[in-house]
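Shown below: input01.cif, with mmCIF, C-alpha atoms (C1' of nucleotides).
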data_input
#
loop_
_atom_site.label_atom_id
_atom_site.label_comp_id
_atom_site.auth_asym_id
_atom_site.auth_seq_id
_atom_site.Cartn_x
_atom_site.Cartn_y
_atom_site.Cartn_z
CA MET A 1 28.60 7.94 31.10
CA SER A 2 31.12 9.62 33.25
CA THR A 3 34.04 7.79 34.76
CA ILE A 4 35.12 7.72 38.35
CA SER A 5 38.02 9.97 37.39
CA ASP A 6 35.52 12.56 36.23
CA LEU A 7 33.71 12.36 39.53
CA ILE A 8 36.92 12.80 41.44
CA GLU A 9 37.76 15.79 39.31
CA GLU A 10 34.36 17.27 39.98
CA PHE A 11 34.70 16.62 43.67
CA LEU A 12 38.03 18.39 43.74
CA LEU A 13 36.70 21.32 41.77
CA ASN A 14 33.76 21.63 44.13
CA THR A 15 35.97 21.39 47.14
CA LEU A 16 38.17 24.03 45.64
CA GLY A 17 35.20 26.29 45.15
CA ASP A 18 36.35 29.87 44.98
CA ASP A 19 39.50 29.25 46.93
CA ASP A 20 42.73 29.01 45.13
CA SER A 21 44.10 25.98 46.86
CA LEU A 22 43.00 22.89 48.69
CA SER A 23 44.78 20.20 50.59
CA ILE A 24 43.77 16.58 50.99
CA SER A 25 44.99 13.14 51.96
CA ARG A 26 45.51 10.91 48.96
CA ASN A 27 44.59 7.75 50.82
CA GLU A 28 41.45 9.20 52.32
CA LEU A 29 40.25 10.50 49.00
CA ALA A 30 41.03 7.19 47.36
CA SER A 31 39.14 5.21 49.93
CA TYR A 32 36.24 7.67 49.85
CA PHE A 33 35.84 6.85 46.18
CA SER A 34 36.97 3.24 46.60
CA VAL A 35 39.76 3.43 44.07
CA ALA A 36 43.44 2.67 44.06
CA PRO A 37 45.39 5.55 45.60
CA SER A 38 47.37 5.92 42.43
CA GLN A 39 44.19 6.81 40.64
CA ILE A 40 44.26 10.07 42.50
CA ASN A 41 47.61 10.74 40.88
CA TYR A 42 46.10 9.91 37.55
CA VAL A 43 43.32 12.41 38.02
CA LEU A 44 45.74 15.07 39.11
CA ALA A 45 48.15 14.35 36.28
CA THR A 46 45.49 14.47 33.61
CA ARG A 47 43.11 17.13 34.90
CA PHE A 48 45.02 19.50 37.10
CA THR A 49 47.87 20.32 34.79
CA PRO A 50 49.64 23.64 34.36
CA ALA A 51 48.05 23.94 30.94
CA ARG A 52 44.72 23.89 32.65
CA GLY A 53 45.87 26.35 35.19
CA TYR A 54 46.75 24.22 38.20
CA THR A 55 49.78 22.86 39.97
CA ILE A 56 50.15 20.16 42.53
CA GLU A 57 52.24 20.14 45.66
CA SER A 58 52.63 17.31 48.09
CA ARG A 59 54.53 15.78 50.92
CA ARG A 60 55.06 12.14 51.80
CA GLY A 61 55.34 10.40 55.11
CA GLY A 62 53.27 10.81 58.25
CA GLY A 63 51.00 13.80 57.95
CA GLY A 64 51.55 13.79 54.23
CA PHE A 65 49.15 15.59 51.92
CA ILE A 66 48.47 16.65 48.39
CA SER A 67 47.43 20.14 47.55
CA VAL A 68 45.94 21.51 44.40
CA VAL A 69 46.76 25.09 43.61
CA ARG A 70 44.89 27.17 41.10
CA LEU A 71 47.31 29.31 39.17
CA THR A 72 46.28 32.90 39.32
CA ASP A 73 48.83 34.55 37.17
CA ASN A 74 47.91 37.35 34.89
CA PRO A 75 46.18 36.06 31.76
CA SER A 76 48.40 38.11 29.52
CA GLU A 77 51.33 36.22 31.02
CA VAL A 78 49.81 33.04 29.71
CA LEU A 79 49.31 34.56 26.30
CA SER A 80 52.87 35.80 26.25
CA GLN A 81 54.16 32.37 27.10
CA ILE A 82 52.30 30.91 24.18
CA VAL A 83 53.73 33.53 21.91
CA ALA A 84 57.24 33.07 23.26
CA ARG A 85 57.29 29.32 23.01
CA PRO A 86 59.12 27.89 20.00
CA ILE A 87 56.78 26.55 17.37
CA SER A 88 58.95 23.51 16.88
CA GLN A 89 57.85 22.19 20.23
CA GLY A 90 54.30 21.94 19.01
CA TYR A 91 51.11 21.32 20.92
CA SER A 92 48.98 18.22 20.90
CA TYR A 93 45.33 18.94 20.27
CA ASN A 94 44.47 18.08 23.83
CA THR A 95 47.10 20.28 25.35
CA ALA A 96 46.04 23.13 23.11
CA CYS A 97 42.45 22.67 24.20
CA SER A 98 43.45 22.63 27.83
CA ILE A 99 45.14 25.94 27.35
CA VAL A 100 42.23 27.45 25.51
CA ASP A 101 39.82 26.28 28.19
CA ARG A 102 42.03 27.68 30.83
CA LEU A 103 41.90 31.02 29.05
CA VAL A 104 38.15 30.81 29.05
CA ARG A 105 38.30 30.35 32.78
CA ASP A 106 40.42 33.47 33.00
CA GLU A 107 37.95 35.31 30.78
CA VAL A 108 40.40 35.98 28.01
CA PHE A 109 38.18 34.11 25.58
CA THR A 110 34.47 33.60 25.62
CA ALA A 111 33.18 30.06 25.41
CA GLN A 112 32.11 30.71 21.83
CA GLU A 113 35.51 31.98 20.86
CA ALA A 114 37.03 28.92 22.42
CA GLU A 115 34.85 26.66 20.28
CA LEU A 116 35.97 28.43 17.15
CA ILE A 117 39.61 28.30 18.10
CA LYS A 118 39.41 24.63 18.94
CA ALA A 119 37.78 23.97 15.60
CA ALA A 120 40.53 25.88 13.84
CA ILE A 121 43.25 23.77 15.44
CA SER A 122 41.49 20.42 15.28
CA ASP A 123 43.19 17.56 13.48
CA LYS A 124 40.40 17.73 10.99
CA ALA A 125 41.18 21.27 10.02
CA LEU A 126 44.88 20.70 9.73
CA LEU A 127 45.17 18.62 6.54
CA THR A 128 48.89 18.06 7.09
CA PRO A 129 49.99 14.41 6.93
CA THR A 130 52.03 13.75 10.03
CA MET A 131 51.11 14.39 13.62
CA MET A 132 54.34 16.18 14.22
CA GLN A 133 53.54 18.64 11.51
CA LYS A 134 50.07 19.11 12.89
CA ASP A 135 51.48 19.86 16.31
CA SER A 136 53.75 22.54 14.93
CA LEU A 137 51.08 24.05 12.82
CA ARG A 138 48.82 24.11 15.82
CA ALA A 139 51.48 25.89 17.81
CA SER A 140 51.85 28.43 15.07
CA ILE A 141 48.15 29.10 14.74
CA LEU A 142 47.71 29.30 18.48
CA LYS A 143 50.57 31.71 18.60
CA ALA A 144 48.93 33.95 16.03
CA VAL A 145 45.65 33.78 17.88
CA ALA A 146 47.36 34.53 21.17
CA SER A 147 49.02 37.59 19.66
CA ALA A 148 45.68 38.81 18.45
CA ALA A 149 44.22 38.25 21.88
CA LEU A 150 47.11 40.07 23.48
CA LYS A 151 46.25 43.16 21.53
CA ARG A 152 42.80 43.40 22.92
CA CYS A 153 44.10 42.34 26.30
CA ASN A 154 46.39 45.33 26.27
CA CYS A 155 43.54 47.62 25.38
CA LYS A 156 41.46 46.30 28.19
CA ASN A 157 44.22 46.34 30.76
CA SER A 158 45.54 49.78 30.09
CA GLN A 159 44.15 51.21 33.30
CA SER A 160 43.51 48.30 35.58
CA ASP A 161 44.43 46.12 38.44
CA PRO A 162 47.71 46.43 40.31
CA ALA A 163 46.42 44.40 43.26
CA GLN A 164 47.11 40.98 41.85
CA GLY A 165 50.35 39.34 42.93
CA ALA A 166 50.62 35.55 42.98
CA LYS A 167 52.91 34.43 40.25
CA ALA A 168 53.33 30.84 39.25
CA PRO A 169 55.80 29.27 41.64
CA ASP A 170 57.47 27.26 38.92
CA GLY A 171 58.07 29.76 36.20
CA GLY A 172 54.88 28.63 34.59
CA LYS A 173 55.56 25.88 32.15
CA ILE A 174 52.74 25.21 29.83
CA THR A 175 52.56 21.57 29.21
CA ASP A 176 50.16 18.79 29.67
CA ASN A 177 51.12 15.46 31.07
CA ARG A 178 48.40 13.39 29.64
CA ARG A 179 49.41 10.23 27.98
CA MET B 180 13.98 -1.47 0.71
CA SER B 181 15.75 -0.44 3.79
CA THR B 182 19.11 -1.57 5.02
CA ILE B 183 20.17 -1.97 8.59
CA SER B 184 22.10 1.27 8.22
CA ASP B 185 18.86 3.02 7.41
CA LEU B 186 17.28 1.61 10.53
CA ILE B 187 20.15 2.77 12.64
CA GLU B 188 19.87 6.20 11.09
CA GLU B 189 16.18 6.29 11.85
CA PHE B 190 16.78 5.15 15.38
CA LEU B 191 19.28 7.91 15.92
CA LEU B 192 16.99 10.51 14.43
CA ASN B 193 14.17 9.38 16.70
CA THR B 194 16.39 9.40 19.72
CA LEU B 195 17.52 12.86 18.79
CA GLY B 196 13.94 14.05 18.60
CA ASP B 197 13.85 17.78 19.17
CA ASP B 198 17.09 17.90 21.07
CA ASP B 199 20.23 19.45 19.77
CA SER B 200 22.42 16.53 20.61
CA LEU B 201 22.49 12.97 21.80
CA SER B 202 25.14 10.79 23.27
CA ILE B 203 25.44 7.04 22.98
CA SER B 204 27.78 4.12 23.41
CA ARG B 205 28.96 2.75 20.10
CA ASN B 206 29.23 -0.78 21.39
CA GLU B 207 25.80 -0.78 22.94
CA LEU B 208 24.17 0.55 19.85
CA ALA B 209 26.02 -1.96 17.71
CA SER B 210 24.98 -4.86 19.85
CA TYR B 211 21.41 -3.59 20.02
CA PHE B 212 21.27 -3.88 16.25
CA SER B 213 23.59 -6.89 16.17
CA VAL B 214 26.08 -5.32 13.83
CA ALA B 215 29.80 -4.74 13.88
CA PRO B 216 30.66 -1.67 15.96
CA SER B 217 32.35 -0.13 12.98
CA GLN B 218 29.04 -0.10 11.20
CA ILE B 219 27.99 2.63 13.57
CA ASN B 220 30.87 4.68 12.23
CA TYR B 221 29.70 3.96 8.74
CA VAL B 222 26.23 5.22 9.50
CA LEU B 223 27.59 8.32 11.12
CA ALA B 224 30.05 8.97 8.34
CA THR B 225 27.49 8.62 5.59
CA ARG B 226 24.36 10.05 7.19
CA PHE B 227 25.35 12.49 9.87
CA THR B 228 27.69 14.68 7.91
CA PRO B 229 27.97 18.46 8.15
CA ALA B 230 26.49 18.64 4.68
CA ARG B 231 23.39 16.97 6.07
CA GLY B 232 23.40 19.16 9.12
CA TYR B 233 25.16 17.16 11.78
CA THR B 234 28.53 16.74 13.38
CA ILE B 235 29.93 13.99 15.51
CA GLU B 236 32.00 14.14 18.63
CA SER B 237 33.42 11.29 20.60
CA ARG B 238 35.77 10.07 23.24
CA ARG B 239 37.63 6.77 23.39
CA GLY B 240 38.60 4.60 26.30
CA GLY B 241 36.70 3.81 29.46
CA GLY B 242 33.58 5.91 29.67
CA GLY B 243 33.85 6.61 25.98
CA PHE B 244 30.88 7.78 23.92
CA ILE B 245 29.79 9.13 20.61
CA SER B 246 27.58 12.14 20.31
CA VAL B 247 25.63 13.49 17.42
CA VAL B 248 25.13 17.23 17.30
CA ARG B 249 22.53 18.85 15.13
CA LEU B 250 23.63 21.96 13.33
CA THR B 251 21.37 24.95 13.13
CA ASP B 252 18.52 24.46 10.74
CA ASN B 253 18.52 27.94 9.33
CA PRO B 254 22.15 28.41 8.62
CA SER B 255 23.64 31.52 7.20
CA GLU B 256 23.86 31.11 3.45
CA VAL B 257 27.50 32.09 3.53
CA LEU B 258 28.32 29.60 6.22
CA SER B 259 26.79 26.71 4.35
CA GLN B 260 28.63 27.67 1.21
CA ILE B 261 31.91 27.55 3.05
CA VAL B 262 31.12 24.11 4.40
CA ALA B 263 30.03 22.84 1.01
CA ARG B 264 32.93 24.17 -1.00
CA PRO B 265 35.74 21.76 -1.82
CA ILE B 266 38.90 22.45 0.09
CA SER B 267 41.00 22.00 -3.01
CA GLN B 268 39.74 25.31 -4.34
CA GLY B 269 41.34 27.17 -1.50
CA TYR B 270 40.94 30.76 -0.34
CA SER B 271 43.44 33.55 -0.53
CA TYR B 272 43.93 35.41 2.70
CA ASN B 273 42.10 38.42 1.33
CA THR B 274 39.15 36.46 0.09
CA ALA B 275 38.91 34.66 3.37
CA CYS B 276 38.98 37.95 5.25
CA SER B 277 36.20 39.38 3.14
CA ILE B 278 34.10 36.38 3.88
CA VAL B 279 34.76 36.65 7.57
CA ASP B 280 33.89 40.34 7.49
CA ARG B 281 30.74 39.56 5.66
CA LEU B 282 29.86 37.14 8.44
CA VAL B 283 30.46 39.86 10.97
CA ARG B 284 27.97 42.05 9.15
CA ASP B 285 25.54 39.16 9.21
CA GLU B 286 26.14 38.92 12.93
CA VAL B 287 27.34 35.37 12.71
CA PHE B 288 30.64 36.37 14.24
CA THR B 289 31.46 39.20 16.60
CA ALA B 290 34.21 41.59 15.64
CA GLN B 291 36.44 39.99 18.24
CA GLU B 292 35.82 36.53 16.91
CA ALA B 293 36.65 37.78 13.46
CA GLU B 294 40.00 39.10 14.65
CA LEU B 295 40.89 35.72 16.10
CA ILE B 296 39.81 33.85 13.01
CA LYS B 297 41.77 36.14 10.75
CA ALA B 298 44.81 35.63 12.91
CA ALA B 299 44.35 31.89 12.68
CA ILE B 300 44.28 31.89 8.90
CA SER B 301 46.94 34.50 8.32
CA ASP B 302 49.94 33.56 6.19
CA LYS B 303 52.03 33.95 9.28
CA ALA B 304 50.13 31.28 11.10
CA LEU B 305 50.16 28.83 8.25
CA LEU B 306 53.80 27.68 8.12
CA THR B 307 53.26 25.72 4.92
CA PRO B 308 55.76 26.51 2.12
CA THR B 309 53.69 27.16 -0.97
CA MET B 310 50.85 29.60 -1.34
CA MET B 311 48.69 26.97 -2.89
CA GLN B 312 49.05 24.84 0.19
CA LYS B 313 48.28 27.80 2.38
CA ASP B 314 45.12 28.47 0.45
CA SER B 315 43.90 24.92 0.89
CA LEU B 316 44.77 24.89 4.51
CA ARG B 317 42.91 28.14 4.95
CA ALA B 318 39.88 26.65 3.29
CA SER B 319 40.04 23.65 5.56
CA ILE B 320 40.39 25.71 8.71
CA LEU B 321 37.65 28.05 7.68
CA LYS B 322 35.45 25.09 6.97
CA ALA B 323 36.06 23.67 10.42
CA VAL B 324 35.37 27.04 11.98
CA ALA B 325 32.21 27.46 9.95
CA SER B 326 31.11 24.05 11.03
CA ALA B 327 31.66 24.99 14.65
CA ALA B 328 29.68 28.15 14.12
CA LEU B 329 26.80 26.10 12.87
CA LYS B 330 26.38 24.37 16.16
CA ARG B 331 23.32 25.70 17.81
CA CYS B 332 24.85 26.68 21.07
CA ASN B 333 27.12 28.91 19.13
CA CYS B 334 24.32 30.69 17.33
CA LYS B 335 21.74 31.88 19.76
CA ASN B 336 21.96 30.16 23.08
CA SER B 337 24.21 32.17 25.28
CA GLN B 338 22.02 32.72 28.23
CA SER B 339 23.49 30.23 30.61
CA ASP B 340 26.74 30.24 32.44
CA PRO B 341 29.81 28.92 30.68
CA ALA B 342 32.13 30.19 33.36
CA GLN B 343 33.11 26.96 35.07
CA GLY B 344 33.92 23.62 33.52
CA ALA B 345 30.43 22.63 32.46
CA LYS B 346 28.35 21.26 35.25
CA ALA B 347 25.46 19.96 33.16
CA PRO B 348 24.84 16.64 34.81
CA ASP B 349 23.65 14.07 32.45
CA GLY B 350 21.69 15.94 29.86
CA GLY B 351 23.46 18.86 28.49
CA LYS B 352 26.74 19.46 26.96
CA ILE B 353 28.95 16.83 25.59
CA THR B 354 31.59 18.88 23.93
CA ASP B 355 34.59 17.47 25.53
CA ASN B 356 38.09 17.31 24.26
CA ARG B 357 39.53 18.09 27.63
CA ARG B 358 41.88 15.26 28.38
"C1'" DA C 359 73.04 12.12 66.72
"C1'" DA C 360 72.09 8.08 64.43
"C1'" DG C 361 69.21 4.36 63.45
"C1'" DT C 362 64.65 2.27 62.79
"C1'" DC C 363 60.16 2.04 61.20
"C1'" DA C 364 55.59 2.85 59.85
"C1'" DA C 365 52.91 6.04 57.29
"C1'" DA C 366 52.43 8.62 53.65
"C1'" DG C 367 52.84 9.74 48.73
"C1'" DG C 368 55.22 8.55 43.78
"C1'" DT C 369 56.10 5.72 39.57
"C1'" DC C 370 55.37 2.72 36.13
"C1'" DA C 371 53.72 -0.78 33.44
"C1'" DA C 372 50.07 -4.04 32.51
"C1'" DA C 373 45.30 -4.89 31.85
"C1'" DG C 374 40.78 -3.21 30.60
"C1'" DA C 375 37.43 -0.46 28.08
"C1'" DA C 376 36.04 2.18 24.47
"C1'" DA C 377 36.23 4.23 19.93
"C1'" DG C 378 38.76 4.77 15.13
"C1'" DT C 379 40.67 3.02 10.67
"C1'" DC C 380 40.90 0.56 6.66
"C1'" DA C 381 40.53 -2.74 3.38
"C1'" DA C 382 38.32 -6.88 1.89
"C1'" DA C 383 34.01 -9.19 1.07
"C1'" DC C 384 29.27 -8.71 -0.10
"C1'" DC C 385 25.32 -7.50 -2.67
"C1'" DA C 386 21.92 -5.08 -5.50
"C1'" DA C 387 20.93 -2.38 -9.27
"C1'" DA C 388 22.13 -0.51 -13.78
"C1'" DT D 389 29.56 -7.08 -15.44
"C1'" DT D 390 30.67 -3.15 -13.50
"C1'" DT D 391 29.67 -0.08 -9.93
"C1'" DG D 392 28.64 1.84 -5.66
"C1'" DG D 393 26.68 1.49 -1.34
"C1'" DT D 394 26.87 -1.97 2.86
"C1'" DT D 395 28.82 -5.15 6.24
"C1'" DT D 396 32.47 -7.29 8.60
"C1'" DG D 397 36.53 -8.02 11.11
"C1'" DA D 398 41.47 -7.43 12.13
"C1'" DC D 399 44.31 -4.08 13.89
"C1'" DT D 400 45.24 0.64 16.08
"C1'" DT D 401 44.85 4.48 19.23
"C1'" DT D 402 43.24 6.63 23.29
"C1'" DC D 403 41.79 6.85 27.97
"C1'" DT D 404 41.06 4.54 32.55
"C1'" DT D 405 41.90 1.48 36.38
"C1'" DT D 406 44.70 -1.46 39.17
"C1'" DG D 407 48.55 -3.25 41.59
"C1'" DA D 408 53.30 -4.10 42.68
"C1'" DC D 409 57.20 -1.85 44.03
"C1'" DC D 410 59.94 2.63 45.30
"C1'" DT D 411 61.04 6.97 47.98
"C1'" DT D 412 60.39 10.41 51.50
"C1'" DT D 413 59.19 11.97 55.95
"C1'" DG D 414 58.60 12.43 60.81
"C1'" DA D 415 58.38 10.18 65.19
"C1'" DC D 416 60.37 7.21 68.28
"C1'" DT D 417 64.36 4.66 70.08
"C1'" DT D 418 68.88 4.09 71.58
#
Now, as a test, write the supplied structure out as structure tokens.
Amino acid sequence: MSTISDLIEEFLLNTLGDDDSLSISRNELASYFSVAPSQINYVLATRFTPARGYTIESRRGGGGFISVVRLTDNPSEVLSQIVARPISQGYSYNTACSIVDRLVRDEVFTAQEAELIKAAISDKALLTPTMMQKDSLRASILKAVASAALKRCNCKNSQSDPAQGAKAPDGGKITDNRR
Amino acid sequence: MSTISDLIEEFLLNTLGDDDSLSISRNELASYFSVAPSQINYVLATRFTPARGYTIESRRGGGGFISVVRLTDNPSEVLSQIVARPISQGYSYNTACSIVDRLVRDEVFTAQEAELIKAAISDKALLTPTMMQKDSLRASILKAVASAALKRCNCKNSQSDPAQGAKAPDGGKITDNRR
DNA sequence: AAGTCAAAGGTCAAAGAAAGTCAAACCAAA
DNA sequence: TTTGGTTTGACTTTCTTTGACCTTTGACTT
């Protein structure tokens, strides 16, 4: 069964379509789905995270709105960020998966590759006793994988695509807010 | 004589039929058979193991579910050996690489996938202090990856579109992990 | 310009809904 | 009587939903 949050996510994704941003009224959306307005925040906080390649902007007061922006920065940027990030900060499994999925979206990885990577960084695969250790290990493995991916990325990119501007407005933090 | 666990197994197998995967609610199933919910876990843990050709996925919380995924029924010999082998025996990096290369020749993995896997199991990626620990960890990761490779969709299916977050309403893919 | 106010949206914690874990109790067969 | 597979239930973890209360904003007065 899929939850109302899933439906809202789907609705937003559909509304987004091929565009790279959309703007809505929180209250309207909430009443359209008959949920508490704060549930909209929940959906945004859990599904439209930077790790997944989105950011949120909003304004309060009369004429307020929320907008969802699809991050369109260069995939190799994302890879570089993973590589640059200190291992000690670690990644939860879910955050790591969000990132991997996001990279599938950006066509850095195929869906099959993503499955393999996710398997490799699953709790199951990571024997280590404590969660903290797992998170670090995951960061380290992901880093190695990202480096490997960067290599082929460089090969592919060697002659392409100047026409893409649009950097992340926030310096592109890669974290996931899910609880 | 047949225990209730056997009946639950049979029920699941029937429900699975010819499909590659099924998705159920643990609580519903438990109450259908009037058993403790955790008995469902017992059945899954003892009867739907990778060794027997299945893996389990699940999600907790509201809208939670358990899904049973059938692994390919004509697995690569090499792949099944990896899954069967005890982790404690470990793999050196070189051995592991040979195996992965072998799997490339067998067309289980693409060359690109192989690169990523090798990166994931490189000494660099594996933080752990002692070599022995690294070797075990490598075995565990490789096992998880092999297991993922045994999922059908990973073997032959790629015809459909993976490009956007999985639209399959209600019948298809369960592989989640997102949140 | 400053003050007021209603209309947004934001935060947070509690309650609810699943599933997971683990060890103790149970039972059948050797 | 020991052993190994089953069954159960108490407790934990994860994800979702709701509601009460907080902050920001712009328009409207004064």
Worksheet item: Can you list what the PyMOL selection byres ((chain B) within 12 of (chain C)) grabs from this structure, as a PyMOL selection string?
Response: chain B and resi 180+182+203-207+216-221+224+236-246
Discussion item. Quick check, in Å to one decimal: how far apart do atom CA of A:Leu79 and atom CA of A:Thr49 lie?
Written reply: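 One can read the atom CA of A:Leu79 to atom CA of A:Thr49 distance as 16.6 Å.
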Discussion item. Evaluated on this file, the PyMOL selection byres ((chain B and resi 280-283) around 10) picks out some residues - which ones are they, written as a list of chain:residue names?
Written reply: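 Listing what the PyMOL selection byres ((chain B and resi 280-283) around 10) selects in the shown file: B:Ser255, B:Glu256, B:Val257, B:Leu258, B:Thr274, B:Ala275, B:Cys276, B:Ser277, B:Ile278, B:Val279, B:Arg284, B:Asp285, B:Glu286, B:Val287, B:Phe288, B:Thr289, B:Ala290, B:Gln291, B:Glu292, B:Ala293, B:Glu294, B:Lys297.
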Worksheet item: Interatomic distance between atom CA of B:Ala230 and atom CA of B:Gln260?
Response: 9.9 Å
Worksheet item: Relative to chain A, what is the Cα RMSD of chain B after a least-squares superposition using every Cα atom paired in order?
Response: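 That comparison of chain A with chain B gives 11.9 Å.
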Discussion item. Which residues would end up in the selection if the PyMOL selection byres ((chain D) within 7 of (chain B)) were applied here, given that I need the answer as a PyMOL selection string?
Written reply: chain D and resi 396+402-404
Practice prompt. For B:Leu191, list every protein, DNA or RNA residue within 10 Å, evaluated using only C-alpha atoms (C1' of nucleotides), and leave out those in the same chain fewer than 5 positions away; present the list as a list of chain:residue names.
Written response: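 My list of contacting residues is B:Asp185, B:Leu186, B:Gly196, B:Leu201, B:Ser202, B:Ile203, B:Leu208, B:Val222, B:Leu223, B:Phe227, B:Val247.
Closest to chain A among B:Lys322, B:Arg249, B:Lys313, B:Arg226 is B:Lys322, based on only C-alpha atoms.
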Worksheet entry | Pick from A:Ser2, A:Gln89, A:Ser80, A:Thr130 nearest to chain B, counting only C-alpha atoms |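 When distances to chain B are compared using only C-alpha atoms, the smallest one comes from A:Ser2.
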Got a minute to add N, CA and C atoms to stretch 36-56 of chain A and dump it as a JSON list (two decimals), in the frame of the given file?
[["chain", "number", "residue", "atom", "x", "y", "z"],
["A", 36, "ALA", "N", 42.03, 2.78, 43.71],
["A", 36, "ALA", "CA", 43.44, 2.67, 44.06],
["A", 36, "ALA", "C", 44.00, 4.07, 44.29],
["A", 37, "PRO", "N", 44.82, 4.23, 45.32],
["A", 37, "PRO", "CA", 45.39, 5.55, 45.60],
["A", 37, "PRO", "C", 46.04, 6.18, 44.37],
["A", 38, "SER", "N", 46.67, 5.34, 43.58],
["A", 38, "SER", "CA", 47.37, 5.92, 42.43],
["A", 38, "SER", "C", 46.40, 6.53, 41.42],
["A", 39, "GLN", "N", 45.15, 6.18, 41.54],
["A", 39, "GLN", "CA", 44.19, 6.81, 40.64],
["A", 39, "GLN", "C", 44.07, 8.30, 40.92],
["A", 40, "ILE", "N", 44.27, 8.65, 42.16],
["A", 40, "ILE", "CA", 44.26, 10.07, 42.50],
["A", 40, "ILE", "C", 45.36, 10.77, 41.72],
["A", 41, "ASN", "N", 46.52, 10.14, 41.66],
["A", 41, "ASN", "CA", 47.61, 10.74, 40.88],
["A", 41, "ASN", "C", 47.22, 10.86, 39.43],
["A", 42, "TYR", "N", 46.52, 9.87, 38.94],
["A", 42, "TYR", "CA", 46.10, 9.91, 37.55],
["A", 42, "TYR", "C", 45.18, 11.11, 37.29],
["A", 43, "VAL", "N", 44.24, 11.28, 38.18],
["A", 43, "VAL", "CA", 43.32, 12.41, 38.02],
["A", 43, "VAL", "C", 44.08, 13.73, 38.05],
["A", 44, "LEU", "N", 44.98, 13.83, 38.99],
["A", 44, "LEU", "CA", 45.74, 15.07, 39.11],
["A", 44, "LEU", "C", 46.60, 15.29, 37.87],
["A", 45, "ALA", "N", 47.22, 14.22, 37.41],
["A", 45, "ALA", "CA", 48.15, 14.35, 36.28],
["A", 45, "ALA", "C", 47.41, 14.68, 34.98],
["A", 46, "THR", "N", 46.20, 14.24, 34.87],
["A", 46, "THR", "CA", 45.49, 14.47, 33.61],
["A", 46, "THR", "C", 44.58, 15.70, 33.65],
["A", 47, "ARG", "N", 44.10, 16.04, 34.82],
["A", 47, "ARG", "CA", 43.11, 17.13, 34.90],
["A", 47, "ARG", "C", 43.61, 18.40, 35.55],
["A", 48, "PHE", "N", 44.58, 18.29, 36.39],
["A", 48, "PHE", "CA", 45.02, 19.50, 37.10],
["A", 48, "PHE", "C", 46.44, 19.88, 36.66],
["A", 49, "THR", "N", 46.59, 20.01, 35.39],
["A", 49, "THR", "CA", 47.87, 20.32, 34.79],
["A", 49, "THR", "C", 48.10, 21.83, 34.73],
["A", 50, "PRO", "N", 49.34, 22.23, 34.54],
["A", 50, "PRO", "CA", 49.64, 23.64, 34.36],
["A", 50, "PRO", "C", 48.88, 24.23, 33.17],
["A", 51, "ALA", "N", 48.78, 23.44, 32.10],
["A", 51, "ALA", "CA", 48.05, 23.94, 30.94],
["A", 51, "ALA", "C", 46.63, 24.31, 31.30],
["A", 52, "ARG", "N", 46.08, 23.58, 32.23],
["A", 52, "ARG", "CA", 44.72, 23.89, 32.65],
["A", 52, "ARG", "C", 44.68, 24.89, 33.77],
["A", 53, "GLY", "N", 45.84, 25.31, 34.18],
["A", 53, "GLY", "CA", 45.87, 26.35, 35.19],
["A", 53, "GLY", "C", 45.97, 25.87, 36.63],
["A", 54, "TYR", "N", 46.58, 24.72, 36.83],
["A", 54, "TYR", "CA", 46.75, 24.22, 38.20],
["A", 54, "TYR", "C", 48.16, 23.68, 38.40],
["A", 55, "THR", "N", 48.60, 23.66, 39.63],
["A", 55, "THR", "CA", 49.78, 22.86, 39.97],
["A", 55, "THR", "C", 49.48, 22.07, 41.22],
["A", 56, "ILE", "N", 50.31, 21.08, 41.41],
["A", 56, "ILE", "CA", 50.15, 20.16, 42.53],
["A", 56, "ILE", "C", 51.37, 20.27, 43.43]]
